[in-house]
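What follows is a set of notes on a single structure, which appears directly below.
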Amino acid sequence: MESDTNQQNNNNNNNKDLNSQEARLLGTHDTTVILRKTVFLLTEKRKVNEKLILITKNRFYIRSHRTPTKLDMSVNLLRIRSIHCKDGKHVTVGVEKLFGTPMGSKTEVVLTNLDFIVEPGDQEELVVALLTPLKPLGMWHDRIQLTIEQKDNRIKIHRSLSESAALLSTPPNPSCDGFNLIYPLLCDLYEVSVHEEVMWDIENEYFSRDRKVLSLSEFSHLPCKDLLPVIAALEYNKYFLGLSLTDTKLSSEGIDVLQKVLRNNNTLTRLTLKNIGLKPDAVHKLMTRSLSVNKHSAINHLDLSDNPLEDKGLVEA
């Protein structure tokens with residue numbers, strides 16, 4: 001009996017130590033743990049390793065089950081590209097891995113699969129936890145290929161997803177089409193700080209006053225990289241009808257992010273990029289790789305005035 005009691009105390013101590021290390025790892029910006037679950041990860045050599053997966057609002061973490069814990073992997077949820085479920089206990093998650101300059105135009109994106117084996121009944125819980133932070137944004141359907149082989153599991157998982165917003169206490173009609181829900185997730189993706197002033201302005205200056213044109217110039221005092229998640233949040237946003245940037249230089253990374261927004265957004269009708277140092281090659285990129293590709297683009301007003309555009313560049317654009 002004494003031995004059993006000692007073993008139980010040791011287990012409690014291990015759990016306490018694990019939680020304290022989790023807190024140090026996740027930091028104060030990402031502390032909402034949606035799911036903490038034991039899984040078995042298959043290696044390339046088909047070796048099975050017992051791991052602990054922690055899923056938060058922004059990321060999932062894979063850690064050693066031993067104490068002291070070891071972080072094996074940390075992946076932003078927006079890096080997930082596919083989820084494949086089979087036979088009730090296998091879950092394969094396809095994620096992006098970046099090589100080269102982070103988020104730069106020369107970055108090489110490589111897809112890799114993570115093969116998990118879970119306990120019976122845990123497959124549904126794992127999938128729902130991975131997709132729930134993206135669900136209120138109305139974007140995971142476009143970004144993630146979800147395949148569930150077994151019909152019964154498919155029905156259960158889709159039913160659970162429809163009811164899963166309660167996991168994050170998500171309001172039924174979030175302000176500005178959920179801008180402030182996607183913004184922290186994108187800040188984590190681009191590895192920049194969440195600016196409370198941005199979220200305050202979205203809620204009080206835009207939503208409360210029914211302003212539909214997002215002015216990036218209001219945030220021009222922020223570092224250039226910190227504007228990236230603000231721009232990126234418009235990719236699937238249906239509240240804002242216009243985007244404006246005046247007298248503030250837009251970085252090459254900003255052009256790349258804006259290019260992606262214009263390729264997917266179908267509600268923006270006005271785009272003002274005035275006196276931001278836009279070069280002909282950047283305009284050409286925005287036109288040929290974004291607007292011309294997006295057959296559902298609603299842009300009907302484009303202001304590129306006061307940029308150093310040559311006639312040749314304008315013709316090519």
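If you're wondering about the labels, chains in the structure tokens are A, B, ... by order shown, residues count from 1 in each chain, ligands from 1 in order shown.
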
Residues within 12 Å of Arg159 of chain A, please, as a list in words. Count only C-alpha atoms; anything in the same chain fewer than 5 positions from it doesn't count. Glu124, Glu125, Val127, Val128, Asp152, Asn153, Arg154, Ser164 and Ala165 of chain A

Can you tell me, as a list in words, what residues are no more than 6 Å from segment 81-88 of chain A when counting only C-alpha atoms, ignoring any on the same chain fewer than 3 positions away?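 With the cut-off at 6 Å, the set is Val91, Thr92, Val93, Gly94, Val95, Ile144, Gln145, Leu146, Thr147, Ile148 and Glu149 of chain A.
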
What lies within 6 Å of Asn307 of chain A using only C-alpha atoms, ignoring chain neighbours under 3 positions off, as number ranges by chain? A: 275, 277-278

Neighbouring residues of Val118 of chain A were defined as those with any atom within 9 Å, considering only C-alpha atoms; residues of the same chain fewer than 5 positions away were excluded. Please report them as a PDB file with C-alpha atoms, in the first residue's frame.
```pdb
ATOM      1  CA  LYS A  37      -3.618  14.176 -25.112  1.00  0.00           C
ATOM      2  CA  THR A  38      -1.260  11.211 -25.254  1.00  0.00           C
ATOM      3  CA  VAL A  39      -0.601  10.118 -28.849  1.00  0.00           C
ATOM      4  CA  PHE A  40       1.793   7.773 -30.608  1.00  0.00           C
ATOM      5  CA  LEU A  41       3.859   9.329 -33.384  1.00  0.00           C
ATOM      6  CA  GLY A  88     -10.804   5.099 -36.100  1.00  0.00           C
ATOM      7  CA  LYS A  89      -7.290   5.400 -34.674  1.00  0.00           C
ATOM      8  CA  HIS A  90      -4.976   6.825 -37.364  1.00  0.00           C
ATOM      9  CA  VAL A  91      -4.726  10.566 -38.010  1.00  0.00           C
ATOM     10  CA  GLN A 123      -9.634  10.585 -33.206  1.00  0.00           C
ATOM     11  CA  LEU A 126      -8.014  15.433 -31.858  1.00  0.00           C
TER      12      LEU A 126
END
```

Which of segment 125-226 of chain A fall in strand (DSSP E), as a ChimeraX atom specification: /A:145-148,213-215

What gap, in Å, lies between atom CA of Lys212 of chain A and atom CA of Arg143 of chain A? 25.2 Å

Contact table segment 142-187 of chain A vs segment 233-240 of chain A, cut-off 10 Å, shortest pair per residue, only C-alpha atoms, as a Markdown table:
```
| residue | atom | partner | partner_atom | distance |
| --- | --- | --- | --- | --- |
| A:Asp142 | CA | A:Tyr236 | CA | 9.4 |
| A:Ser175 | CA | A:Tyr239 | CA | 8.8 |
| A:Cys176 | CA | A:Tyr239 | CA | 5.2 |
| A:Asp177 | CA | A:Tyr239 | CA | 5.5 |
| A:Gly178 | CA | A:Asn237 | CA | 7.7 |
| A:Phe179 | CA | A:Ala233 | CA | 6.4 |
| A:Asn180 | CA | A:Ala233 | CA | 8.7 |
| A:Leu181 | CA | A:Ala233 | CA | 9.3 |
| A:Ile182 | CA | A:Ala233 | CA | 6.2 |
| A:Tyr183 | CA | A:Ala233 | CA | 6.0 |
| A:Pro184 | CA | A:Ala233 | CA | 9.6 |
| A:Leu185 | CA | A:Ala233 | CA | 9.4 |
| A:Leu186 | CA | A:Ala233 | CA | 7.3 |
| A:Cys187 | CA | A:Ala233 | CA | 9.8 |
```

Output file for the selection above: N, CA, C and O atoms, as a PDB file, in the first residue's frame:
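Saved as out.pdb:
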```pdb
ATOM      1  N   ASP A 142     -11.447  26.180 -46.959  1.00  0.00           N
ATOM      2  CA  ASP A 142     -10.663  26.549 -48.129  1.00  0.00           C
ATOM      3  C   ASP A 142      -9.198  26.154 -47.995  1.00  0.00           C
ATOM      4  O   ASP A 142      -8.513  25.945 -48.993  1.00  0.00           O
ATOM      5  N   SER A 175     -17.176  40.466 -34.061  1.00  0.00           N
ATOM      6  CA  SER A 175     -17.028  41.781 -34.686  1.00  0.00           C
ATOM      7  C   SER A 175     -16.178  41.713 -35.944  1.00  0.00           C
ATOM      8  O   SER A 175     -15.168  41.007 -35.995  1.00  0.00           O
ATOM      9  N   CYS A 176     -16.613  42.478 -36.952  1.00  0.00           N
ATOM     10  CA  CYS A 176     -15.856  42.599 -38.207  1.00  0.00           C
ATOM     11  C   CYS A 176     -15.511  41.236 -38.795  1.00  0.00           C
ATOM     12  O   CYS A 176     -14.377  40.998 -39.216  1.00  0.00           O
ATOM     13  N   ASP A 177     -16.502  40.336 -38.774  1.00  0.00           N
ATOM     14  CA  ASP A 177     -16.343  39.003 -39.351  1.00  0.00           C
ATOM     15  C   ASP A 177     -15.174  38.246 -38.725  1.00  0.00           C
ATOM     16  O   ASP A 177     -14.440  37.529 -39.406  1.00  0.00           O
ATOM     17  N   GLY A 178     -14.988  38.431 -37.423  1.00  0.00           N
ATOM     18  CA  GLY A 178     -13.971  37.674 -36.703  1.00  0.00           C
ATOM     19  C   GLY A 178     -12.552  38.160 -36.897  1.00  0.00           C
ATOM     20  O   GLY A 178     -11.598  37.406 -36.673  1.00  0.00           O
ATOM     21  N   PHE A 179     -12.379  39.435 -37.275  1.00  0.00           N
ATOM     22  CA  PHE A 179     -11.024  39.971 -37.487  1.00  0.00           C
ATOM     23  C   PHE A 179     -10.155  39.772 -36.257  1.00  0.00           C
ATOM     24  O   PHE A 179      -8.999  39.336 -36.362  1.00  0.00           O
ATOM     25  N   ASN A 180     -10.695  40.090 -35.067  1.00  0.00           N
ATOM     26  CA  ASN A 180      -9.900  39.988 -33.840  1.00  0.00           C
ATOM     27  C   ASN A 180      -9.693  38.549 -33.388  1.00  0.00           C
ATOM     28  O   ASN A 180      -8.963  38.299 -32.426  1.00  0.00           O
ATOM     29  N   LEU A 181     -10.331  37.589 -34.055  1.00  0.00           N
ATOM     30  CA  LEU A 181     -10.066  36.182 -33.764  1.00  0.00           C
ATOM     31  C   LEU A 181      -8.890  35.675 -34.590  1.00  0.00           C
ATOM     32  O   LEU A 181      -8.054  34.915 -34.105  1.00  0.00           O
ATOM     33  N   ILE A 182      -8.832  36.106 -35.850  1.00  0.00           N
ATOM     34  CA  ILE A 182      -7.758  35.653 -36.737  1.00  0.00           C
ATOM     35  C   ILE A 182      -6.461  36.436 -36.490  1.00  0.00           C
ATOM     36  O   ILE A 182      -5.363  35.903 -36.655  1.00  0.00           O
ATOM     37  N   TYR A 183      -6.566  37.695 -36.044  1.00  0.00           N
ATOM     38  CA  TYR A 183      -5.377  38.538 -35.893  1.00  0.00           C
ATOM     39  C   TYR A 183      -4.325  37.943 -34.950  1.00  0.00           C
ATOM     40  O   TYR A 183      -3.141  37.854 -35.323  1.00  0.00           O
ATOM     41  N   PRO A 184      -4.661  37.495 -33.728  1.00  0.00           N
ATOM     42  CA  PRO A 184      -3.624  36.901 -32.861  1.00  0.00           C
ATOM     43  C   PRO A 184      -3.013  35.638 -33.454  1.00  0.00           C
ATOM     44  O   PRO A 184      -1.816  35.378 -33.275  1.00  0.00           O
ATOM     45  N   LEU A 185      -3.816  34.857 -34.166  1.00  0.00           N
ATOM     46  CA  LEU A 185      -3.305  33.647 -34.803  1.00  0.00           C
ATOM     47  C   LEU A 185      -2.279  33.996 -35.874  1.00  0.00           C
ATOM     48  O   LEU A 185      -1.239  33.349 -36.010  1.00  0.00           O
ATOM     49  N   LEU A 186      -2.543  35.072 -36.618  1.00  0.00           N
ATOM     50  CA  LEU A 186      -1.611  35.522 -37.655  1.00  0.00           C
ATOM     51  C   LEU A 186      -0.368  36.180 -37.048  1.00  0.00           C
ATOM     52  O   LEU A 186       0.733  36.058 -37.596  1.00  0.00           O
ATOM     53  N   CYS A 187      -0.536  36.859 -35.922  1.00  0.00           N
ATOM     54  CA  CYS A 187       0.640  37.412 -35.234  1.00  0.00           C
ATOM     55  C   CYS A 187       1.582  36.288 -34.826  1.00  0.00           C
ATOM     56  O   CYS A 187       2.811  36.414 -34.940  1.00  0.00           O
TER      57      CYS A 187
END
```

Nearest candidate to Glu205 of chain A (options A:Glu218, A:Pro280, A:Gly121, A:Lys285; using only C-alpha atoms): A:Glu218

List every residue of segment 36-242 of chain A that DSSP, applied to the backbone, labels as helix (DSSP H, G or I), and write the result as a ChimeraX atom specification. /A:77-79,122-131,135-137,140-143,151-162,164-168,175-190,196-207,216-219,224-232
